[in-house]
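Engineer: data-v8.cif is reproduced below (mmCIF, C-alpha atoms and all ligand atoms).
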```cif
data_model
loop_
_atom_site.label_atom_id
_atom_site.label_comp_id
_atom_site.auth_asym_id
_atom_site.auth_seq_id
_atom_site.Cartn_x
_atom_site.Cartn_y
_atom_site.Cartn_z
CA MET A 71 139.98 29.97 146.50
CA ILE A 72 138.50 28.18 143.53
CA GLU A 73 136.04 26.30 145.79
CA GLN A 74 134.26 29.53 146.71
CA VAL A 75 133.89 30.43 143.05
CA GLN A 76 132.68 26.95 142.09
CA GLN A 77 130.20 26.97 144.97
CA LYS A 78 128.81 30.37 144.01
CA VAL A 79 128.46 29.39 140.35
CA ARG A 80 126.79 26.11 141.27
CA GLU A 81 124.21 27.99 143.33
CA LEU A 82 123.53 30.46 140.54
CA LEU A 83 123.14 27.72 137.93
CA GLU A 84 120.98 25.49 140.11
CA ALA A 85 118.71 28.35 141.14
CA GLY A 86 118.29 29.24 137.48
CA THR A 87 119.46 32.81 138.18
CA ILE A 88 121.83 32.50 135.23
CA GLN A 89 121.60 30.49 132.02
CA GLY A 90 125.35 30.08 131.81
CA PHE A 91 128.60 31.15 133.42
CA LEU A 92 131.49 32.40 131.36
CA GLY A 93 134.74 31.42 133.01
CA LEU A 94 137.88 29.41 132.34
CA ARG A 95 138.35 25.69 132.11
CA GLU A 96 141.38 23.47 131.70
CA GLN A 97 140.92 20.93 128.94
CA ASN A 98 143.47 19.00 126.88
CA GLY A 99 146.22 20.58 128.95
CA HIS A 100 145.23 24.11 127.99
CA ILE A 101 143.29 26.81 129.78
CA GLY A 102 140.66 28.58 127.74
CA PRO A 103 137.34 30.40 128.02
CA TYR A 104 134.37 28.12 128.73
CA LEU A 105 130.63 28.56 129.15
CA PHE A 106 129.51 26.52 132.15
CA GLN A 107 125.89 25.45 131.79
CA ASP A 108 126.05 22.14 133.60
CA PRO A 109 127.20 22.24 137.27
CA GLU A 110 128.99 18.91 136.61
CA ASP A 111 131.55 20.74 134.47
CA LEU A 112 132.64 22.97 137.34
CA GLU A 113 135.20 20.33 138.38
CA GLY A 114 137.52 21.39 135.60
CA MET A 115 137.23 25.11 136.30
CA SER A 116 140.36 27.24 136.28
CA LEU A 117 140.96 30.76 137.59
CA GLY A 118 143.66 31.44 135.02
CA ASP A 119 146.61 30.84 137.32
CA ARG A 120 148.96 28.50 135.51
CA GLU A 121 152.51 29.17 136.60
CA ARG A 122 151.87 32.51 138.27
CA PRO A 123 148.64 34.10 139.49
CA GLY A 124 146.58 35.47 136.63
CA ASP A 125 149.06 34.55 133.89
CA THR A 126 146.30 32.98 131.78
CA ARG A 127 143.65 35.66 131.49
CA TYR A 128 141.26 36.06 128.56
CA PRO A 129 138.96 38.93 127.57
CA LEU A 130 135.88 37.26 129.06
CA SER A 131 133.74 40.40 128.90
CA LYS A 132 134.36 40.61 125.17
CA LEU A 133 133.14 37.04 124.76
CA LEU A 134 130.17 37.86 126.96
CA LEU A 135 129.32 40.64 124.53
CA THR A 136 129.04 38.14 121.68
CA LEU A 137 126.64 36.03 123.74
CA ALA A 138 124.63 39.04 124.91
CA ARG A 139 124.26 40.37 121.38
CA ASN A 140 122.83 37.03 120.28
CA TYR A 141 120.80 36.36 123.43
CA PRO A 142 119.78 39.76 124.80
CA GLN A 143 117.23 38.18 127.17
CA ALA A 144 119.64 35.72 128.82
CA SER A 145 121.15 36.37 132.25
CA LEU A 146 124.76 35.30 132.22
CA GLY A 147 127.35 34.97 134.93
CA ILE A 148 130.98 35.91 134.39
CA LEU A 149 134.22 35.40 136.28
CA VAL A 150 135.62 38.84 137.13
CA ARG A 151 138.89 40.06 138.45
CA GLY A 152 139.07 43.81 139.05
CA CYS A 153 139.88 44.50 135.40
CA ASP A 154 137.10 42.25 134.06
CA GLU A 155 134.60 44.04 136.25
CA ARG A 156 135.89 47.38 134.97
CA ALA A 157 135.47 46.08 131.43
CA VAL A 158 131.86 45.04 132.13
CA ASN A 159 131.19 48.47 133.66
CA ALA A 160 132.75 50.23 130.68
CA LEU A 161 130.66 48.13 128.27
CA VAL A 162 127.54 49.07 130.24
CA ALA A 163 128.56 52.75 130.19
CA TRP A 164 129.00 52.55 126.41
CA ASN A 165 125.54 50.95 126.01
CA GLN A 166 126.90 47.60 124.89
CA LEU A 167 125.80 45.42 127.80
CA ASP A 168 122.65 45.43 129.90
CA GLN A 169 123.81 45.47 133.51
CA ASP A 170 120.69 43.66 134.73
CA LYS A 171 121.63 40.66 132.61
CA VAL A 172 125.20 40.29 133.90
CA VAL A 173 125.94 38.47 137.14
CA PRO A 174 129.61 38.91 138.10
CA VAL A 175 131.36 36.41 140.35
CA GLY A 176 134.40 38.20 141.69
CA LEU A 177 137.94 37.22 142.44
CA ALA A 178 140.46 39.54 144.14
CA CYS A 179 144.03 39.40 142.84
CA PRO A 180 147.01 38.69 145.09
CA GLN A 181 149.52 41.46 145.76
CA GLU A 182 152.09 39.83 143.45
CA LEU A 183 149.76 40.21 140.47
CA ALA A 184 148.70 43.72 141.47
CA GLU A 185 152.40 44.71 141.50
CA GLU A 186 153.03 43.13 138.13
CA CYS A 187 150.01 44.89 136.64
CA GLU A 188 150.58 48.16 138.53
CA CYS A 189 146.88 47.88 139.21
CA GLU A 190 144.97 50.71 140.81
CA ARG A 191 142.07 48.42 141.69
CA PRO A 192 143.18 44.79 141.90
CA TYR A 193 139.76 43.58 143.02
CA PRO A 194 136.12 43.67 141.99
CA GLU A 195 133.54 45.42 144.15
CA ASP A 196 132.40 42.30 145.94
CA PRO A 197 134.81 39.35 145.58
CA VAL A 198 133.63 35.89 146.60
CA ALA A 199 137.24 34.71 146.71
CA GLY A 200 140.61 36.27 147.50
CA LYS A 201 141.43 39.24 149.69
CA LYS A 202 141.37 42.84 148.54
CA THR A 203 144.98 44.02 148.39
CA GLU A 204 146.63 47.42 148.12
CA PRO A 205 146.37 49.41 144.90
CA VAL A 206 149.66 49.95 143.06
CA ALA A 207 150.66 53.20 141.32
CA PHE A 208 151.78 53.44 137.67
CA ALA A 209 155.56 53.43 138.25
CA SER A 210 156.27 52.57 134.60
CA VAL A 211 154.54 55.75 133.42
CA ALA A 212 156.42 57.85 135.95
CA ARG A 213 159.74 56.33 134.82
CA LEU A 214 159.13 57.24 131.19
CA GLN A 215 157.87 60.64 132.19
CA GLU A 216 161.32 61.40 133.59
CA LEU A 217 162.86 61.24 130.11
CA GLU A 218 163.31 64.43 128.08
CA PRO A 219 160.42 64.79 125.59
CA SER A 220 162.71 64.20 122.60
CA GLU A 221 164.17 61.11 124.21
CA ARG A 222 160.70 59.87 125.10
CA MET A 223 159.58 60.40 121.53
CA ARG A 224 162.58 58.42 120.31
CA TYR A 225 161.71 55.62 122.72
CA TRP A 226 158.16 55.31 121.44
CA LEU A 227 159.06 55.64 117.78
CA ARG A 228 161.54 52.83 118.22
CA GLU A 229 158.96 50.68 119.95
CA PHE A 230 156.22 51.39 117.38
CA ASP A 231 158.66 50.56 114.60
CA LYS A 232 158.42 46.92 115.65
CA CYS A 233 154.67 46.75 114.97
CA VAL A 234 153.58 44.11 112.45
CA LYS A 235 150.04 45.51 112.27
CA CYS A 236 148.39 42.30 113.35
CA TYR A 237 145.54 44.19 115.04
CA GLY A 238 145.93 41.81 117.98
CA CYS A 239 145.86 44.70 120.44
CA ARG A 240 142.44 45.66 119.13
CA ASP A 241 141.12 42.14 118.68
CA ILE A 242 141.90 41.09 122.25
CA CYS A 243 140.75 44.34 123.87
CA PRO A 244 137.63 43.82 125.99
CA VAL A 245 136.44 47.35 125.37
CA CYS A 246 137.06 47.48 121.59
CA PHE A 247 133.48 46.85 120.53
CA CYS A 248 133.01 49.16 117.51
CA ARG A 249 131.58 47.58 114.42
CA GLU A 250 133.58 50.00 112.27
CA CYS A 251 137.11 50.44 113.52
CA SER A 252 139.08 53.68 113.07
CA LEU A 253 142.19 51.58 112.53
CA GLU A 254 140.61 50.35 109.30
CA ASP A 255 139.38 53.76 108.17
CA GLN A 256 141.34 54.87 105.14
CA HIS A 257 140.89 58.53 106.07
CA LEU A 258 142.81 57.98 109.29
CA ILE A 259 145.14 55.09 108.50
CA ARG A 260 146.87 54.00 105.35
CA THR A 261 145.00 50.74 105.06
CA HIS A 262 146.33 47.67 103.21
CA ASN A 263 149.84 48.92 103.84
CA LEU A 264 152.87 47.80 105.81
CA PRO A 265 154.60 48.92 107.91
CA PRO A 266 151.94 50.92 109.73
CA GLU A 267 152.51 54.65 109.88
CA ASN A 268 154.54 55.50 112.92
CA PRO A 269 153.22 56.95 115.24
CA VAL A 270 149.83 57.59 113.57
CA PHE A 271 148.58 54.01 113.88
CA HIS A 272 149.36 53.71 117.58
CA LEU A 273 148.31 57.20 118.54
CA THR A 274 144.98 56.73 116.75
CA ARG A 275 144.35 53.70 118.90
CA ALA A 276 145.60 55.46 122.02
CA VAL A 277 143.19 58.36 121.48
CA HIS A 278 140.34 55.91 121.02
CA MET A 279 141.18 54.27 124.31
CA ALA A 280 140.52 57.51 126.20
CA GLY A 281 137.58 56.92 128.52
CA ARG A 282 137.53 53.26 127.57
CA CYS A 283 140.76 51.46 128.44
CA ILE A 284 140.30 49.77 131.78
CA ASP A 285 143.97 48.75 132.05
CA CYS A 286 143.78 44.98 131.86
CA GLY A 287 147.06 44.62 129.99
CA LEU A 288 145.75 41.97 127.61
CA CYS A 289 146.83 44.03 124.57
CA GLU A 290 150.44 44.02 125.67
CA GLN A 291 150.31 40.27 126.29
CA ALA A 292 148.88 39.70 122.82
CA CYS A 293 151.43 41.89 121.04
CA PRO A 294 153.87 39.71 119.11
CA ALA A 295 156.26 42.66 118.88
CA GLU A 296 156.29 43.11 122.65
CA ILE A 297 155.53 46.80 122.46
CA PRO A 298 154.82 48.15 125.98
CA LEU A 299 151.29 49.13 124.99
CA ARG A 300 149.99 49.01 128.52
CA ILE A 301 152.23 51.92 129.56
CA LEU A 302 150.89 53.95 126.66
CA TYR A 303 147.27 53.37 127.60
CA LYS A 304 147.98 53.82 131.29
CA LYS A 305 149.14 57.28 130.35
CA VAL A 306 145.89 57.86 128.45
CA GLY A 307 143.99 56.79 131.57
CA GLN A 308 146.07 59.15 133.66
CA ILE A 309 145.22 62.06 131.38
CA MET A 310 141.52 61.19 131.68
CA GLU A 311 141.88 61.26 135.43
CA GLU A 312 143.77 64.56 135.55
CA GLU A 313 141.56 66.36 133.06
CA PHE A 314 138.14 64.93 133.84
CA SER A 315 138.55 62.99 137.12
CA TYR A 316 137.23 60.01 135.16
CA HIS A 317 138.29 56.41 135.71
CA SER A 318 137.05 54.06 132.99
CA GLY A 319 135.08 51.19 134.37
CA GLU A 320 135.22 52.19 138.01
CA THR A 321 131.47 52.64 137.84
CA THR A 322 128.96 52.48 134.99
CA GLN A 323 128.98 56.27 134.79
CA LYS A 324 129.32 57.59 131.24
CA SER A 325 132.62 58.95 129.99
CA PRO A 326 132.90 62.73 129.49
CA LEU A 327 133.79 61.86 125.90
CA GLN A 328 130.36 60.38 125.21
CA ILE A 329 129.20 63.79 124.05
CA ALA A 330 126.12 62.77 122.10
CA ASP A 331 124.87 60.81 125.10
CA ASN A 332 125.51 63.51 127.65
CA GLN A 333 123.50 66.17 125.83
CA MET B 96 122.56 28.67 123.54
CA GLU B 97 125.39 26.37 122.58
CA TYR B 98 128.72 28.11 122.98
CA LYS B 99 131.98 26.24 122.62
CA ASN B 100 135.59 27.21 122.17
CA ILE B 101 137.35 24.62 120.11
CA LEU B 102 141.11 24.34 120.46
CA THR B 103 142.82 23.87 117.13
CA THR B 104 145.96 24.66 115.14
CA CYS B 105 146.18 27.42 112.56
CA THR B 106 146.36 26.14 109.02
CA TYR B 107 147.89 29.23 107.49
CA CYS B 108 151.60 28.55 107.88
CA GLY B 109 154.12 26.10 109.24
CA CYS B 110 154.38 27.75 112.70
CA GLY B 111 151.34 25.92 113.98
CA CYS B 112 149.94 28.54 116.36
CA ASN B 113 147.13 27.33 118.60
CA PHE B 114 143.86 29.11 118.99
CA TYR B 115 140.30 28.57 120.04
CA LEU B 116 137.60 28.93 117.42
CA GLU B 117 134.57 30.46 119.08
CA ASN B 118 131.48 28.57 118.08
CA LEU B 119 128.01 29.86 118.91
CA ASP B 120 125.09 27.68 117.84
CA GLY B 121 127.09 26.08 115.07
CA SER B 122 128.66 29.18 113.52
CA LEU B 123 132.13 30.51 114.12
CA THR B 124 132.11 33.93 115.75
CA GLY B 125 135.76 34.55 116.54
CA THR B 126 139.34 33.43 117.04
CA ILE B 127 141.04 33.55 120.45
CA PRO B 128 144.79 32.88 120.64
CA CYS B 129 145.59 30.15 123.16
CA LYS B 130 147.57 31.64 126.03
CA THR B 131 148.97 28.34 127.24
CA SER B 132 150.27 27.29 123.82
CA PRO B 133 154.06 27.05 123.91
CA VAL B 134 154.11 27.91 120.20
CA ASN B 135 152.42 31.30 120.17
CA GLU B 136 151.89 32.17 123.85
CA GLY B 137 148.62 34.01 123.29
CA LYS B 138 149.74 35.89 120.19
CA LEU B 139 148.76 35.58 116.52
CA CYS B 140 149.47 37.26 113.20
CA ILE B 141 146.75 39.06 111.28
CA LYS B 142 145.87 35.96 109.28
CA GLY B 143 145.47 33.79 112.35
CA TRP B 144 143.29 36.39 114.04
CA ASN B 145 140.86 36.13 111.14
CA ALA B 146 140.95 32.37 110.67
CA HIS B 147 137.27 31.98 111.59
CA GLU B 148 136.30 34.07 108.59
CA PHE B 149 137.60 31.98 105.72
CA VAL B 150 135.97 28.84 107.04
CA GLN B 151 132.51 30.25 106.44
CA SER B 152 133.32 32.44 103.45
CA ASP B 153 130.81 32.15 100.63
CA GLN B 154 133.76 32.50 98.27
CA ARG B 155 135.13 29.13 99.32
CA LEU B 156 135.46 26.63 96.49
CA THR B 157 133.25 23.61 96.93
CA SER B 158 134.37 21.66 93.87
CA PRO B 159 137.47 21.50 91.65
CA LEU B 160 137.62 23.88 88.67
CA ILE B 161 139.11 23.30 85.21
CA ARG B 162 139.79 26.21 82.90
CA ARG B 163 138.01 25.68 79.57
CA GLU B 164 138.26 28.29 76.87
CA GLY B 165 139.45 30.80 79.43
CA LYS B 166 136.64 30.12 81.88
CA LEU B 167 136.81 28.17 85.15
CA VAL B 168 134.22 25.41 85.11
CA PRO B 169 133.26 23.27 88.15
CA VAL B 170 133.98 19.55 87.60
CA SER B 171 133.94 16.36 89.65
CA TRP B 172 137.04 15.25 91.60
CA GLU B 173 137.36 12.25 89.31
CA GLU B 174 137.52 14.39 86.22
CA ALA B 175 139.92 16.89 87.82
CA LEU B 176 142.32 14.17 88.96
CA ASP B 177 142.22 12.35 85.59
CA TYR B 178 142.93 15.59 83.78
CA THR B 179 145.79 16.56 86.11
CA ALA B 180 147.37 13.11 85.93
CA SER B 181 147.25 12.98 82.15
CA GLU B 182 148.67 16.51 81.77
CA LEU B 183 151.48 15.80 84.25
CA SER B 184 152.45 12.55 82.53
CA SER B 185 152.45 14.07 79.09
CA ILE B 186 154.63 17.03 80.18
CA ARG B 187 156.96 14.64 81.99
CA SER B 188 157.37 12.27 79.04
CA GLU B 189 157.88 15.13 76.62
CA HIS B 190 160.20 17.39 78.67
CA GLY B 191 161.49 15.23 81.55
CA PRO B 192 160.63 15.29 85.27
CA ASP B 193 162.58 18.51 85.99
CA SER B 194 160.19 20.41 83.76
CA LEU B 195 157.64 20.08 86.56
CA ALA B 196 157.50 21.78 89.98
CA PHE B 197 155.23 21.11 92.95
CA LEU B 198 154.02 23.30 95.76
CA ALA B 199 153.01 21.69 99.06
CA SER B 200 150.60 23.29 101.48
CA ALA B 201 150.68 24.32 105.12
CA LYS B 202 146.95 23.73 105.12
CA ALA B 203 147.59 20.00 104.74
CA THR B 204 148.80 17.68 107.51
CA ASN B 205 152.42 16.57 108.02
CA GLU B 206 151.47 13.13 106.76
CA GLU B 207 149.90 14.49 103.60
CA ASN B 208 152.94 16.65 102.96
CA PHE B 209 155.22 13.68 103.51
CA LEU B 210 153.28 11.66 100.98
CA PHE B 211 153.35 14.57 98.61
CA GLN B 212 157.13 14.94 98.63
CA LYS B 213 157.44 11.17 98.26
CA PHE B 214 155.21 11.32 95.24
CA VAL B 215 157.23 14.18 93.77
CA ARG B 216 160.71 12.81 94.47
CA ALA B 217 160.19 9.07 94.13
CA GLY B 218 157.17 9.05 91.82
CA VAL B 219 157.66 11.94 89.42
CA GLY B 220 161.44 11.99 89.87
CA THR B 221 162.24 15.64 90.56
CA ASN B 222 163.46 17.65 93.54
CA ASN B 223 161.41 20.64 92.42
CA ILE B 224 159.27 20.83 95.51
CA ASP B 225 158.57 23.81 97.73
CA HIS B 226 155.79 24.86 100.08
CA CYS B 227 153.46 27.78 100.53
CA ALA B 228 154.62 28.41 104.08
CA ARG B 229 157.90 30.02 102.98
CA LEU B 230 156.81 33.28 104.56
S1 LIG C 1 144.75 44.41 136.09
FE1 LIG C 1 144.34 44.37 138.29
S2 LIG C 1 142.48 43.23 138.47
FE2 LIG C 1 143.32 42.76 136.46
S3 LIG C 1 144.60 40.96 136.73
FE3 LIG C 1 145.91 42.72 137.01
S4 LIG C 1 145.89 43.07 139.24
FE4 LIG C 1 144.15 41.78 138.77
S1 LIG C 2 144.86 47.49 128.64
FE1 LIG C 2 144.80 47.15 126.43
S2 LIG C 2 143.40 45.43 126.10
FE2 LIG C 2 143.04 46.22 128.19
S3 LIG C 2 141.39 47.71 127.95
FE3 LIG C 2 143.29 48.84 127.80
S4 LIG C 2 143.71 48.92 125.60
FE4 LIG C 2 142.20 47.32 125.92
S1 LIG C 3 149.45 43.89 118.79
FE1 LIG C 3 151.46 44.88 118.64
S2 LIG C 3 152.22 44.31 116.60
FE2 LIG C 3 150.01 43.88 116.61
S3 LIG C 3 149.07 45.75 115.78
FE3 LIG C 3 149.06 45.94 118.01
S4 LIG C 3 150.97 47.07 118.45
FE4 LIG C 3 151.17 46.28 116.37
#
```
Step by step, read the file and then write its structure as structure tokens.
Structural biologist:
Amino acid sequence: MIEQVQQKVRELLEAGTIQGFLGLREQNGHIGPYLFQDPEDLEGMSLGDRERPGDTRYPLSKLLLTLARNYPQASLGILVRGCDERAVNALVAWNQLDQDKVVPVGLACPQELAEECECERPYPEDPVAGKKTEPVAFASVARLQELEPSERMRYWLREFDKCVKCYGCRDICPVCFCRECSLEDQHLIRTHNLPPENPVFHLTRAVHMAGRCIDCGLCEQACPAEIPLRILYKKVGQIMEEEFSYHSGETTQKSPLQIADNQ
Amino acid sequence: MEYKNILTTCTYCGCGCNFYLENLDGSLTGTIPCKTSPVNEGKLCIKGWNAHEFVQSDQRLTSPLIRREGKLVPVSWEEALDYTASELSSIRSEHGPDSLAFLASAKATNEENFLFQKFVRAGVGTNNIDHCARL
């Protein structure tokens, strides 16, 4: 599978279509994000499958944003699974990335990973590697939904109580791009204070994920308190779908919540 | 465009979490927790997440300071070390080694901390040693 990706990237680099390719590379025994500029380096490329498929994913689109902000004229390639492509689309929709400057090289996820992620779109539009597999419904949301509201509230309050307010969920999130973050706004959050207000801190973030979260699950993986954040934001996504028929990142179409833009 | 992610170990506490420091054209732009690190498995605390910031902070000290008449004055390393050594020896000879206490640092290496405790226990002659990583 990796050969197809390497081949595609080599072509893009050699043709000068892209100035660099943001992907993953294994070095010193660790897999991390890497900007490929020299085709020679492609040998060490990784797709982020260490022990299980996709267990070593990074917010590549967020890193791309840093490069694009500093080099707005550069065309850059990026390794995309379904979720990375959704993140790129969402960043385009929110006017953060210029679509013409991003060249995605796609990878479809195996069924095993789609199940683990409960992924509704485990593939990018046009994968160069992997086979498009079946979408998987949000069973975890449905399970929680079965609880009585008071019981459900208790469940979440107990989970949120574990939060150490590291801001990791925000820092890792590929679609958290704001220069001023609501989670640091003293009118919304008691800043410089621990523990974070429960559930204000988490619900503030959840509300901000409406029309943005593309369900990559990186926040949950980065949470040292192991709070099931992904279920929370899946629910937010579900509400967006029910109320507005909007799926963040499915296309580059603007979110119904981008009021100023839509007028 | 020179973009590199440099794998390193957090200097804030004794855990030793691994992260990549994002480096674009010679300046640090971010911290990315290393997912394959057996220590922190892609997670960090709030200090680690912001490690790239202190490195480039304009509030970083670039020379030792000695307080003179209530004001901190920049001095050379030589002067700072001479002053510290003479103060430590005079306190020790007047009040004994247990009148002194020493604080080691998680920002130093294991080897430096080993030397430090050796200096404190065998050199100064006290067990009054602790470290800043007692979180
Ligand atoms: S969220 Fe979907 S696209 Fe992303 S890794 Fe999981 S299965 Fe793949
Ligand atoms: S799943 Fe988490 S990290 Fe991914 S987009 Fe949604 S909120 Fe951000
Ligand atoms: S990553 Fe987890 S512990 Fe850290 S702020 Fe987010 S919810 Fe809280």
Engineer: Could you please determine the separation between atom CA of Leu105 of chain A and atom CA of Met96 of chain B in Å, to one decimal place?
Structural biologist: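 Distance reported for this atom pair: 9.8 Å.
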Engineer: Per residue of chain A within 10 Å of ligand LIG 1 (chain C), what are the shortest atom pair and its distance in Å to one decimal, counting only C-alpha atoms and all ligand atoms, with rows by chain and residue number, as CSV?
Structural biologist:
```
residue,atom,partner,partner_atom,distance
A:Gly118,CA,C:LIG1,S3,9.7
A:Pro123,CA,C:LIG1,S3,8.4
A:Gly124,CA,C:LIG1,S3,5.8
A:Asp125,CA,C:LIG1,S3,8.3
A:Thr126,CA,C:LIG1,S3,9.5
A:Arg127,CA,C:LIG1,S3,7.5
A:Val150,CA,C:LIG1,S2,8.3
A:Arg151,CA,C:LIG1,S2,4.8
A:Gly152,CA,C:LIG1,S2,3.5
A:Cys153,CA,C:LIG1,FE2,4.0
A:Asp154,CA,C:LIG1,FE2,6.7
A:Glu155,CA,C:LIG1,S2,8.2
A:Arg156,CA,C:LIG1,S2,8.5
A:Ala157,CA,C:LIG1,FE2,9.9
A:Leu177,CA,C:LIG1,S2,8.5
A:Ala178,CA,C:LIG1,FE4,6.9
A:Cys179,CA,C:LIG1,FE4,4.7
A:Pro180,CA,C:LIG1,S4,7.4
A:Gln181,CA,C:LIG1,S4,7.6
A:Glu182,CA,C:LIG1,S4,8.2
A:Leu183,CA,C:LIG1,S4,5.0
A:Ala184,CA,C:LIG1,S4,3.6
A:Glu185,CA,C:LIG1,S4,7.1
A:Glu186,CA,C:LIG1,FE3,7.2
A:Cys187,CA,C:LIG1,FE3,4.7
A:Glu188,CA,C:LIG1,S4,7.0
A:Cys189,CA,C:LIG1,FE1,4.4
A:Glu190,CA,C:LIG1,FE1,6.9
A:Arg191,CA,C:LIG1,FE1,5.8
A:Pro192,CA,C:LIG1,FE1,3.8
A:Tyr193,CA,C:LIG1,S2,5.3
A:Pro194,CA,C:LIG1,S2,7.3
A:Thr203,CA,C:LIG1,S4,9.2
A:Glu204,CA,C:LIG1,S4,9.9
A:Pro205,CA,C:LIG1,S4,8.5
A:Val206,CA,C:LIG1,S4,8.7
A:Ile284,CA,C:LIG1,S1,8.2
A:Asp285,CA,C:LIG1,S1,6.0
A:Cys286,CA,C:LIG1,S1,4.4
A:Gly287,CA,C:LIG1,S1,6.5
A:Leu288,CA,C:LIG1,S1,8.9
```
Engineer: Could you jot down the atom CA of Ala228 of chain B to atom CA of Cys108 of chain B separation for me, Å, one decimal place?
Structural biologist: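 Pair atom CA of Ala228 of chain B / atom CA of Cys108 of chain B returns 4.9 Å.
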Engineer: Report as CSV the residues of chain B within 12 Å of ligand LIG 3 (chain C), each with its shortest atom pair and distance in Å (one decimal), using all atoms listed in the file, ordered by chain and increasing residue number.
Structural biologist:
```
residue,atom,partner,partner_atom,distance
B:Gly137,CA,C:LIG3,S1,10.9
B:Lys138,CA,C:LIG3,S1,8.1
B:Leu139,CA,C:LIG3,FE2,8.4
B:Cys140,CA,C:LIG3,FE2,7.5
B:Ile141,CA,C:LIG3,FE2,7.9
B:Lys142,CA,C:LIG3,FE2,11.6
B:Gly143,CA,C:LIG3,FE2,11.9
B:Trp144,CA,C:LIG3,FE2,10.4
```
Engineer: Go ahead and write the residues just picked, C-alpha atoms, as an mmCIF file, keeping the file's coordinate frame.
Structural biologist:
```cif
data_model
loop_
_atom_site.group_PDB
_atom_site.id
_atom_site.type_symbol
_atom_site.label_atom_id
_atom_site.label_comp_id
_atom_site.auth_asym_id
_atom_site.auth_seq_id
_atom_site.Cartn_x
_atom_site.Cartn_y
_atom_site.Cartn_z
ATOM 1 C CA GLY B 137 148.620 34.010 123.290
ATOM 2 C CA LYS B 138 149.740 35.890 120.190
ATOM 3 C CA LEU B 139 148.760 35.580 116.520
ATOM 4 C CA CYS B 140 149.470 37.260 113.200
ATOM 5 C CA ILE B 141 146.750 39.060 111.280
ATOM 6 C CA LYS B 142 145.870 35.960 109.280
ATOM 7 C CA GLY B 143 145.470 33.790 112.350
ATOM 8 C CA TRP B 144 143.290 36.390 114.040
#
```
Engineer: Pull the closest atom pair for each residue of chain B that gets at most 12 Å from chain A, along with the distance in Å to one decimal, counting only C-alpha atoms, ordering rows by chain and then ascending residue number, as JSON lines.
Structural biologist:
```
{"residue": "B:Met96", "atom": "CA", "partner": "A:Tyr141", "partner_atom": "CA", "distance": 7.9}
{"residue": "B:Glu97", "atom": "CA", "partner": "A:Leu105", "partner_atom": "CA", "distance": 8.7}
{"residue": "B:Tyr98", "atom": "CA", "partner": "A:Leu105", "partner_atom": "CA", "distance": 6.5}
{"residue": "B:Lys99", "atom": "CA", "partner": "A:Tyr104", "partner_atom": "CA", "distance": 6.8}
{"residue": "B:Asn100", "atom": "CA", "partner": "A:Tyr104", "partner_atom": "CA", "distance": 6.7}
{"residue": "B:Ile101", "atom": "CA", "partner": "A:Gly102", "partner_atom": "CA", "distance": 9.2}
{"residue": "B:Leu102", "atom": "CA", "partner": "A:Gly102", "partner_atom": "CA", "distance": 8.4}
{"residue": "B:Thr103", "atom": "CA", "partner": "A:Asn98", "partner_atom": "CA", "distance": 10.9}
{"residue": "B:Asn113", "atom": "CA", "partner": "A:His100", "partner_atom": "CA", "distance": 10.1}
{"residue": "B:Phe114", "atom": "CA", "partner": "A:Gly102", "partner_atom": "CA", "distance": 9.3}
{"residue": "B:Tyr115", "atom": "CA", "partner": "A:Gly102", "partner_atom": "CA", "distance": 7.7}
{"residue": "B:Leu116", "atom": "CA", "partner": "A:Pro103", "partner_atom": "CA", "distance": 10.7}
{"residue": "B:Glu117", "atom": "CA", "partner": "A:Leu133", "partner_atom": "CA", "distance": 8.8}
{"residue": "B:Asn118", "atom": "CA", "partner": "A:Thr136", "partner_atom": "CA", "distance": 10.5}
{"residue": "B:Leu119", "atom": "CA", "partner": "A:Leu137", "partner_atom": "CA", "distance": 8.0}
{"residue": "B:Asp120", "atom": "CA", "partner": "A:Asn140", "partner_atom": "CA", "distance": 9.9}
{"residue": "B:Ser122", "atom": "CA", "partner": "A:Asn140", "partner_atom": "CA", "distance": 11.9}
{"residue": "B:Leu123", "atom": "CA", "partner": "A:Thr136", "partner_atom": "CA", "distance": 11.2}
{"residue": "B:Thr124", "atom": "CA", "partner": "A:Thr136", "partner_atom": "CA", "distance": 7.9}
{"residue": "B:Gly125", "atom": "CA", "partner": "A:Leu133", "partner_atom": "CA", "distance": 9.0}
{"residue": "B:Thr126", "atom": "CA", "partner": "A:Asp241", "partner_atom": "CA", "distance": 9.0}
{"residue": "B:Ile127", "atom": "CA", "partner": "A:Ile242", "partner_atom": "CA", "distance": 7.8}
{"residue": "B:Pro128", "atom": "CA", "partner": "A:Ala292", "partner_atom": "CA", "distance": 8.2}
{"residue": "B:Cys129", "atom": "CA", "partner": "A:Gly102", "partner_atom": "CA", "distance": 6.9}
{"residue": "B:Lys130", "atom": "CA", "partner": "A:Thr126", "partner_atom": "CA", "distance": 6.0}
{"residue": "B:Thr131", "atom": "CA", "partner": "A:His100", "partner_atom": "CA", "distance": 5.7}
{"residue": "B:Ser132", "atom": "CA", "partner": "A:His100", "partner_atom": "CA", "distance": 7.3}
{"residue": "B:Pro133", "atom": "CA", "partner": "A:His100", "partner_atom": "CA", "distance": 10.2}
{"residue": "B:Val134", "atom": "CA", "partner": "A:Pro294", "partner_atom": "CA", "distance": 11.9}
{"residue": "B:Asn135", "atom": "CA", "partner": "A:Pro294", "partner_atom": "CA", "distance": 8.6}
{"residue": "B:Glu136", "atom": "CA", "partner": "A:Ala292", "partner_atom": "CA", "distance": 8.2}
{"residue": "B:Gly137", "atom": "CA", "partner": "A:Ala292", "partner_atom": "CA", "distance": 5.7}
{"residue": "B:Lys138", "atom": "CA", "partner": "A:Ala292", "partner_atom": "CA", "distance": 4.7}
{"residue": "B:Leu139", "atom": "CA", "partner": "A:Gly238", "partner_atom": "CA", "distance": 7.0}
{"residue": "B:Cys140", "atom": "CA", "partner": "A:Cys236", "partner_atom": "CA", "distance": 5.2}
{"residue": "B:Ile141", "atom": "CA", "partner": "A:Cys236", "partner_atom": "CA", "distance": 4.2}
{"residue": "B:Lys142", "atom": "CA", "partner": "A:Cys236", "partner_atom": "CA", "distance": 7.9}
{"residue": "B:Gly143", "atom": "CA", "partner": "A:Cys236", "partner_atom": "CA", "distance": 9.1}
{"residue": "B:Trp144", "atom": "CA", "partner": "A:Gly238", "partner_atom": "CA", "distance": 7.2}
{"residue": "B:Asn145", "atom": "CA", "partner": "A:Asp241", "partner_atom": "CA", "distance": 9.6}
```
